[in-house]
$ cat work16.cif   # mmCIF, C-alpha atoms
data_data
#
loop_
_atom_site.label_atom_id
_atom_site.label_comp_id
_atom_site.auth_asym_id
_atom_site.auth_seq_id
_atom_site.Cartn_x
_atom_site.Cartn_y
_atom_site.Cartn_z
CA MET T 122 153.02 167.21 95.81
CA GLN T 123 149.63 165.65 96.53
CA ASN T 124 147.85 168.55 94.82
CA PHE T 125 150.17 168.22 91.82
CA LEU T 126 149.41 164.50 91.51
CA LEU T 127 145.68 165.20 91.82
CA SER T 128 145.91 167.61 88.89
CA VAL T 129 147.99 165.18 86.82
CA ASN T 130 145.59 162.29 87.47
CA ALA T 131 142.63 164.47 86.47
CA VAL T 132 144.10 165.84 83.25
CA GLY T 133 146.58 163.12 82.19
CA PRO T 134 144.26 160.27 81.09
CA ILE T 135 142.01 162.68 79.19
CA LEU T 136 144.96 164.30 77.44
CA LEU T 137 146.28 160.88 76.37
CA LEU T 138 142.97 159.97 74.70
CA VAL T 139 142.82 163.34 72.95
CA LEU T 140 146.39 162.87 71.71
CA LEU T 141 145.42 159.40 70.49
CA GLY T 142 142.63 160.99 68.46
CA THR T 143 145.09 163.48 66.96
CA PHE T 144 147.51 160.66 66.12
CA LEU T 145 144.77 158.59 64.47
CA ARG T 146 143.64 161.62 62.45
CA LYS T 147 147.17 162.20 61.17
CA LYS T 148 147.53 158.52 60.27
CA GLY T 149 144.25 158.63 58.37
CA ALA T 150 142.56 156.10 60.64
CA ILE T 151 139.80 158.61 61.39
CA ASP T 152 138.55 161.65 59.50
CA GLU T 153 136.09 164.52 59.89
CA GLU T 154 133.18 162.24 59.02
CA PHE T 155 134.21 159.92 61.87
CA VAL T 156 134.35 162.90 64.23
CA LYS T 157 130.78 163.87 63.34
CA LYS T 158 129.44 160.32 63.71
CA ALA T 159 131.39 159.66 66.91
CA ASN T 160 130.01 162.81 68.52
CA LYS T 161 126.50 161.90 67.41
CA LEU T 162 126.90 158.48 69.00
CA ALA T 163 128.44 159.88 72.19
CA TYR T 164 125.97 162.74 72.69
CA GLY T 165 122.91 160.96 71.34
CA TYR T 166 123.27 157.56 72.97
CA SER T 167 126.30 156.80 75.16
CA LEU T 168 126.30 159.94 77.30
CA PRO T 169 122.52 159.94 77.94
CA LEU T 170 122.81 156.31 79.09
CA ALA T 171 125.78 157.25 81.29
CA LEU T 172 123.71 160.02 82.88
CA PHE T 173 120.80 157.60 83.34
CA LYS T 174 123.08 155.04 85.02
CA ASP T 175 124.71 157.60 87.32
CA SER T 176 121.38 159.17 88.29
CA TYR T 177 119.68 155.80 88.83
CA THR T 178 122.49 154.28 90.90
CA ALA T 179 123.31 157.42 92.91
CA SER T 180 123.26 157.23 96.66
CA SER T 181 119.88 157.93 98.23
CA GLU T 182 121.59 160.77 100.12
CA ALA T 183 122.40 162.59 96.88
CA GLN T 184 120.22 165.66 96.56
CA ILE T 185 119.64 168.12 93.74
CA ASN T 186 121.16 171.46 94.77
CA VAL T 187 118.77 174.08 93.41
CA LYS T 188 121.06 176.93 94.49
CA LEU T 189 123.93 175.42 92.45
CA MET T 190 121.75 174.99 89.39
CA VAL T 191 120.38 178.54 89.61
CA TYR T 192 123.90 179.94 89.91
CA ALA T 193 125.09 177.91 86.92
CA VAL T 194 122.17 179.00 84.73
CA ALA T 195 122.40 182.64 85.83
CA SER T 196 126.13 182.78 85.13
CA ILE T 197 125.71 181.40 81.60
CA VAL T 198 122.82 183.74 80.78
CA ALA T 199 124.69 186.73 82.20
CA LEU T 200 127.81 185.89 80.21
CA SER T 201 125.89 185.49 76.95
CA VAL T 202 124.17 188.85 77.47
CA ILE T 203 127.35 190.73 78.45
CA LEU T 204 129.32 189.26 75.55
CA SER T 205 126.49 189.98 73.09
CA LEU T 206 126.51 193.63 74.15
CA ALA T 207 130.30 193.99 74.10
CA ALA T 208 131.33 191.99 71.04
CA PRO T 209 129.70 194.21 68.36
CA ARG T 210 131.81 197.14 69.55
CA PHE T 211 134.94 195.35 68.34
CA ILE T 212 133.70 192.85 65.73
CA LYS T 213 131.69 194.30 62.85
CA ASP T 214 130.99 191.05 60.97
CA ARG T 215 127.69 189.74 62.37
CA ARG T 216 128.48 186.10 61.55
CA ARG T 217 131.85 186.34 63.29
CA CYS T 218 130.26 188.14 66.22
CA GLY T 219 127.81 185.32 66.91
CA ALA T 220 130.56 182.71 66.62
CA PHE T 221 132.78 184.73 68.97
CA VAL T 222 130.09 185.00 71.65
CA GLN T 223 129.22 181.30 71.54
CA GLY T 224 132.87 180.26 71.49
CA SER T 225 133.53 182.37 74.57
CA PHE T 226 130.76 181.13 76.88
CA ARG T 227 129.92 177.60 75.65
CA SER T 228 132.04 174.69 76.92
CA ASN T 229 132.39 170.96 76.36
CA PHE T 230 131.16 170.37 79.90
CA ALA T 231 129.18 167.22 79.15
CA ILE T 232 132.29 165.21 78.26
CA LEU T 233 135.34 166.84 79.83
CA GLY T 234 133.56 168.20 82.91
CA SER T 235 131.90 164.97 83.98
CA THR T 236 135.03 162.92 83.25
CA MET T 237 137.37 165.18 85.23
CA ALA T 238 134.92 165.39 88.12
CA VAL T 239 135.10 161.62 88.59
CA HIS T 240 138.92 161.73 88.55
CA VAL T 241 139.06 164.57 91.09
CA PHE T 242 136.15 163.80 93.44
CA GLY T 243 135.34 160.11 92.86
CA SER T 244 131.96 158.72 91.77
CA GLU T 245 129.94 160.05 94.71
CA GLY T 246 131.78 163.38 94.87
CA ALA T 247 131.15 163.93 91.17
CA LEU T 248 127.36 163.84 91.59
CA PRO T 249 126.93 167.66 91.69
CA THR T 250 128.71 167.84 88.33
CA LEU T 251 126.69 164.98 86.84
CA MET T 252 123.42 166.50 88.05
CA LEU T 253 124.48 169.83 86.56
CA VAL T 254 125.26 168.45 83.08
CA PRO T 255 121.73 168.48 81.57
CA VAL T 256 120.93 171.89 83.10
CA VAL T 257 124.12 173.48 81.78
CA VAL T 258 123.88 171.82 78.35
CA THR T 259 120.27 173.00 77.95
CA THR T 260 121.22 176.55 78.95
CA PHE T 261 124.14 176.53 76.52
CA THR T 262 121.83 175.37 73.73
CA VAL T 263 119.12 177.94 74.37
CA CYS T 264 121.58 180.83 74.77
CA SER T 265 123.43 179.80 71.60
CA ILE T 266 120.22 179.80 69.56
CA VAL T 267 119.32 183.25 70.88
CA VAL T 268 122.83 184.59 70.18
CA PHE T 269 122.91 183.25 66.63
CA THR T 270 119.45 184.64 65.97
CA VAL T 271 120.43 188.07 67.29
CA PHE T 272 123.54 188.10 65.09
CA SER T 273 121.86 186.58 62.06
CA PRO T 274 123.24 187.94 58.76
CA ASP T 275 119.65 188.81 57.83
CA GLY T 276 119.51 191.34 60.63
CA ASP T 277 115.76 190.90 61.18
CA ALA T 278 115.57 187.29 62.39
CA LYS T 279 113.40 186.64 65.43
CA VAL T 280 113.81 184.23 68.32
CA ARG T 281 111.17 181.48 68.00
CA PRO T 282 110.03 180.20 71.42
CA LEU T 283 108.74 176.94 69.93
CA GLU T 284 112.16 176.24 68.46
CA LEU T 285 113.76 176.75 71.86
CA VAL T 286 111.23 174.42 73.51
CA LYS T 287 111.79 171.79 70.82
CA LYS T 288 115.56 171.90 71.35
CA VAL T 289 115.10 171.38 75.08
CA VAL T 290 112.51 168.59 75.04
CA THR T 291 114.35 166.64 72.34
CA ASN T 292 117.76 166.88 74.03
CA PRO T 293 118.81 163.28 74.83
CA LEU T 294 120.99 164.44 77.75
CA ILE T 295 117.91 165.83 79.46
CA TRP T 296 116.00 162.59 79.00
CA GLY T 297 118.87 160.44 80.25
CA ASN T 298 119.20 162.38 83.47
CA VAL T 299 115.48 162.89 84.10
CA LEU T 300 114.58 159.23 83.48
CA GLY T 301 117.37 158.11 85.79
CA LEU T 302 116.08 160.36 88.57
CA LEU T 303 112.46 159.26 88.02
CA PHE T 304 113.36 155.56 87.99
CA ARG T 305 115.28 156.03 91.24
CA ALA T 306 112.52 158.09 92.88
CA TRP T 307 109.80 155.61 91.89
CA GLN T 308 112.06 152.62 92.61
CA VAL T 309 111.48 151.16 89.15
CA PRO T 310 113.54 147.95 88.91
CA VAL T 311 115.95 147.63 85.98
CA PRO T 312 116.84 144.00 85.13
CA ASP T 313 120.51 143.14 85.59
CA VAL T 314 120.90 142.11 81.96
CA LEU T 315 119.54 145.47 80.80
CA MET T 316 121.65 147.46 83.27
CA SER T 317 124.76 145.58 82.16
CA GLY T 318 124.00 146.55 78.55
CA ILE T 319 123.45 150.17 79.59
CA LYS T 320 126.80 150.20 81.40
CA TYR T 321 128.62 148.84 78.33
CA VAL T 322 127.16 151.49 76.02
CA ALA T 323 127.65 154.23 78.64
CA ALA T 324 131.31 153.28 78.94
CA LEU T 325 131.80 154.25 75.28
CA ALA T 326 130.91 157.89 75.92
CA THR T 327 134.18 159.18 77.36
CA PRO T 328 136.80 157.43 75.17
CA LEU T 329 134.77 157.90 71.99
CA ALA T 330 134.17 161.60 72.59
CA LEU T 331 137.76 162.31 73.68
CA ILE T 332 139.24 160.54 70.65
CA SER T 333 136.93 162.53 68.39
CA ILE T 334 138.00 165.76 70.13
CA GLY T 335 141.59 164.94 69.21
CA GLY T 336 140.49 164.06 65.71
CA GLN T 337 138.75 167.38 65.19
CA ALA T 338 142.10 169.24 65.12
CA GLY T 339 142.41 171.28 61.96
CA MET T 340 138.78 172.26 61.54
CA GLY T 341 138.52 175.63 59.87
CA GLY T 342 140.60 176.90 57.01
CA GLY T 343 142.26 180.12 55.92
CA LYS T 344 144.45 182.29 58.13
CA PHE T 345 144.44 180.61 61.50
CA LEU T 346 145.56 183.03 64.21
CA SER T 347 143.78 186.34 64.71
CA PRO T 348 143.22 188.85 67.56
CA SER T 349 139.55 187.83 67.89
CA LEU T 350 140.56 184.17 68.18
CA ALA T 351 143.12 184.96 70.88
CA VAL T 352 140.62 187.04 72.87
CA CYS T 353 137.91 184.39 72.51
CA CYS T 354 140.19 181.64 73.85
CA ALA T 355 141.45 183.87 76.68
CA LEU T 356 137.86 184.52 77.73
CA LYS T 357 136.90 180.85 77.46
CA LEU T 358 139.84 179.39 79.35
CA VAL T 359 140.93 182.03 81.86
CA ILE T 360 138.85 185.18 82.29
CA ILE T 361 135.37 183.62 82.45
CA PRO T 362 136.30 180.71 84.79
CA VAL T 363 137.92 183.18 87.21
CA ALA T 364 134.98 185.60 86.99
CA VAL T 365 132.48 182.84 87.78
CA VAL T 366 134.41 180.84 90.38
CA VAL T 367 135.55 183.74 92.59
CA PRO T 368 131.99 184.86 93.55
CA ALA T 369 131.01 181.21 94.09
CA LEU T 370 133.77 180.87 96.70
CA PHE T 371 131.90 183.32 98.93
CA MET T 372 128.44 181.76 98.47
CA GLY T 373 128.81 178.73 100.72
CA PHE T 374 129.13 176.04 98.06
CA ALA T 375 130.89 172.79 98.99
CA GLY T 376 134.27 171.97 97.43
CA ASN T 377 132.90 169.54 94.84
CA GLU T 378 130.19 172.06 93.94
CA ILE T 379 132.85 174.74 93.34
CA GLY T 380 134.57 172.12 91.21
CA ALA T 381 131.38 171.61 89.20
CA ILE T 382 131.10 175.35 88.55
CA PHE T 383 134.77 175.55 87.56
CA LEU T 384 134.50 172.60 85.17
CA ALA T 385 131.32 173.98 83.61
CA HIS T 386 133.17 177.11 82.50
CA CYS T 387 136.81 176.06 82.06
CA ALA T 388 136.25 173.22 79.58
CA PRO T 389 137.08 174.11 75.95
CA THR T 390 134.48 174.79 73.28
CA GLY T 391 133.00 171.50 72.01
CA VAL T 392 132.20 170.04 68.60
CA THR T 393 128.47 170.66 69.07
CA ALA T 394 129.23 174.38 68.88
CA TYR T 395 130.72 173.80 65.42
CA ALA T 396 127.63 171.96 64.20
CA MET T 397 125.27 174.62 65.56
CA SER T 398 127.38 177.43 64.13
CA MET T 399 127.24 175.83 60.69
CA GLY T 400 123.52 175.06 60.94
CA MET T 401 122.62 178.63 61.89
CA ASN T 402 124.72 180.30 59.18
CA SER T 403 127.33 181.69 61.55
CA ASP T 404 131.11 181.79 61.05
CA TYR T 405 131.66 178.07 61.54
CA GLU T 406 135.28 178.26 60.34
CA PHE T 407 136.07 180.62 63.21
CA THR T 408 134.23 178.25 65.57
CA GLY T 409 136.36 175.36 64.34
CA LYS T 410 139.51 177.32 65.12
CA VAL T 411 138.24 178.17 68.60
CA ILE T 412 137.53 174.48 69.23
CA THR T 413 141.00 173.43 68.13
CA VAL T 414 142.98 176.11 69.99
CA SER T 415 140.90 176.04 73.19
CA THR T 416 141.10 172.23 73.33
CA VAL T 417 144.90 172.25 73.03
CA LEU T 418 145.37 175.04 75.59
CA SER T 419 142.69 173.84 78.01
CA PHE T 420 144.75 171.02 79.44
CA GLY T 421 147.25 173.55 80.74
CA THR T 422 144.65 175.96 82.11
CA ILE T 423 142.51 173.20 83.66
CA PHE T 424 145.60 171.65 85.26
CA LEU T 425 146.56 175.01 86.77
CA GLY T 426 142.98 175.65 87.92
CA ILE T 427 142.64 172.29 89.67
CA PHE T 428 146.12 172.65 91.20
CA LEU T 429 145.36 176.16 92.48
CA LEU T 430 141.95 175.30 93.93
CA SER T 431 143.24 172.16 95.61
CA SER T 432 146.26 174.05 96.98
CA LEU T 433 143.90 176.65 98.47
CA GLY T 434 141.96 173.87 100.16
CA VAL T 435 138.78 174.41 98.15
CA PHE T 436 138.69 170.66 97.43
#
$ encode --input "work16.cif" --output "structure tokens"
Amino acid sequence: MQNFLLSVNAVGPILLLVLLGTFLRKKGAIDEEFVKKANKLAYGYSLPLALFKDSYTASSEAQINVKLMVYAVASIVALSVILSLAAPRFIKDRRRCGAFVQGSFRSNFAILGSTMAVHVFGSEGALPTLMLVPVVVTTFTVCSIVVFTVFSPDGDAKVRPLELVKKVVTNPLIWGNVLGLLFRAWQVPVPDVLMSGIKYVAALATPLALISIGGQAGMGGGKFLSPSLAVCCALKLVIIPVAVVVPALFMGFAGNEIGAIFLAHCAPTGVTAYAMSMGMNSDYEFTGKVITVSTVLSFGTIFLGIFLLSSLGVF
């Protein structure tokens, strides 16, 4: 019963905010333009400040686990390579192929992962997840650019290293986390009035992003269900999380670190994937459908994953 309540408390509040977003979208209170602006605000400002606050105020005993970060990066890179080799055997449309690969391995870890980690492990226990956010987001971004370039409709597009570097160094999530760690390491004082303001803006990140996730329902037109969509969502929500978590169980990671790995891969595809798919001339309509379906189904799969891992005594 305790494990069941743990799973409900982790998924329930998030699901309610997503459902609120869906309700507001249906009532016309928010629209697709709101979704875009809300995500820009959450990812560009609120979430970086939340990462800064969490990194800056973390316990002095909190340490960066290099082994965890290496495993997370290696798993994402390996998945993107394997999927890029396998997908063209079944999907002949290059634009759809790139969208399929990104939709399968890229998750909305920054919002859903960090939020659920706090519900499951508490503020201190969620530190491995919070420390992992900028590393995972950067890896997702770089791998997505490479995948879209490989499956460019032109067929002769090349990966530009400078473009990859620019995407990394201009990522606000990276700056939020790094500055928080540097300020803590160098013991740079932050005035109370400024920290209070940071906390207020940081508090917007989760509700704003979750409401916009609910509001994004319906992105993508035309025939909705398809075999490639079903396979993509199955990979995203079930097959990949299992394939990544099982080896991690035998590598000596702590329970909350296993939780961080699970959340990094089990979260649904996020709105940023839609924007990147559109910007790089991929099949953004397919990406929109993956976002919608994976978001709806993810609450069931994440609930079951948390319940199973807690029942097994992993955390």
$ residues_around --input "work16.cif" --residues "T:Ala369" --least-positions-apart "2" --cutoff "10 Å" --atoms "all atoms listed in the file" --output "ChimeraX atom specification"
/T:189,192-193,363-367,371-375,378-379,382-383
$ resolve_selection --input "work16.cif" --expression "the PyMOL selection byres ((chain T and resi 175) around 10)" --output "MDAnalysis selection string"
chainID T and resid 169:174 176:180 244:245 247:248 251:252 297:298 301:302 320 323
$ closest_residue --input "work16.cif" --among "T:Gly142, T:Gly165, T:Pro249, T:Pro312" --to "T:Val187" --atoms "all atoms listed in the file"
T:Pro249
$ closest_atom_pairs --input "work16.cif" --of "stretch 383-413 of chain T" --to "stretch 211-224 of chain T" --cutoff "7 Å" --atoms "all atoms listed in the file" --output "tab-separated table"
residue	atom	partner	partner_atom	distance
T:Thr390	CA	T:Gly224	CA	6.0
T:Ser398	CA	T:Ala220	CA	6.6
T:Ser403	CA	T:Arg216	CA	4.6
T:Asp404	CA	T:Arg216	CA	5.1
T:Tyr405	CA	T:Ala220	CA	7.0
T:Phe407	CA	T:Ala220	CA	6.8
T:Thr408	CA	T:Ala220	CA	5.9
T:Val411	CA	T:Gly224	CA	6.4
$ resolve_selection --input "work16.cif" --expression "the PyMOL selection byres ((chain T and resi 132) around 8)" --output "ChimeraX atom specification"
/T:128-131,133-136,237,420,423-424
$ write_last_selection --input "work16.cif" --atoms "C-alpha atoms" --output "PDB file, in the coordinates of the input"
ATOM      1  CA  SER T 128     145.910 167.610  88.890  1.00  0.00           C
ATOM      2  CA  VAL T 129     147.990 165.180  86.820  1.00  0.00           C
ATOM      3  CA  ASN T 130     145.590 162.290  87.470  1.00  0.00           C
ATOM      4  CA  ALA T 131     142.630 164.470  86.470  1.00  0.00           C
ATOM      5  CA  GLY T 133     146.580 163.120  82.190  1.00  0.00           C
ATOM      6  CA  PRO T 134     144.260 160.270  81.090  1.00  0.00           C
ATOM      7  CA  ILE T 135     142.010 162.680  79.190  1.00  0.00           C
ATOM      8  CA  LEU T 136     144.960 164.300  77.440  1.00  0.00           C
ATOM      9  CA  MET T 237     137.370 165.180  85.230  1.00  0.00           C
ATOM     10  CA  PHE T 420     144.750 171.020  79.440  1.00  0.00           C
ATOM     11  CA  ILE T 423     142.510 173.200  83.660  1.00  0.00           C
ATOM     12  CA  PHE T 424     145.600 171.650  85.260  1.00  0.00           C
TER      13      PHE T 424
END
$ resolve_selection --input "work16.cif" --expression "the PyMOL selection byres ((chain T and resi 430) around 12)" --output "list in words"
Asn124, Phe125, Leu127, Ser128, Val241, Val363, Val366, Val367, Leu370, Gly376, Asn377, Ile379, Gly380, Phe383, Leu384, Ile423, Phe424, Leu425, Gly426, Ile427, Phe428, Leu429, Ser431, Ser432, Leu433, Gly434, Val435 and Phe436 of chain T
$ closest_residue --input "work16.cif" --among "T:Cys264, T:Val256, T:Val392, T:Ala208" --to "T:Thr413" --atoms "all atoms listed in the file"
T:Val392
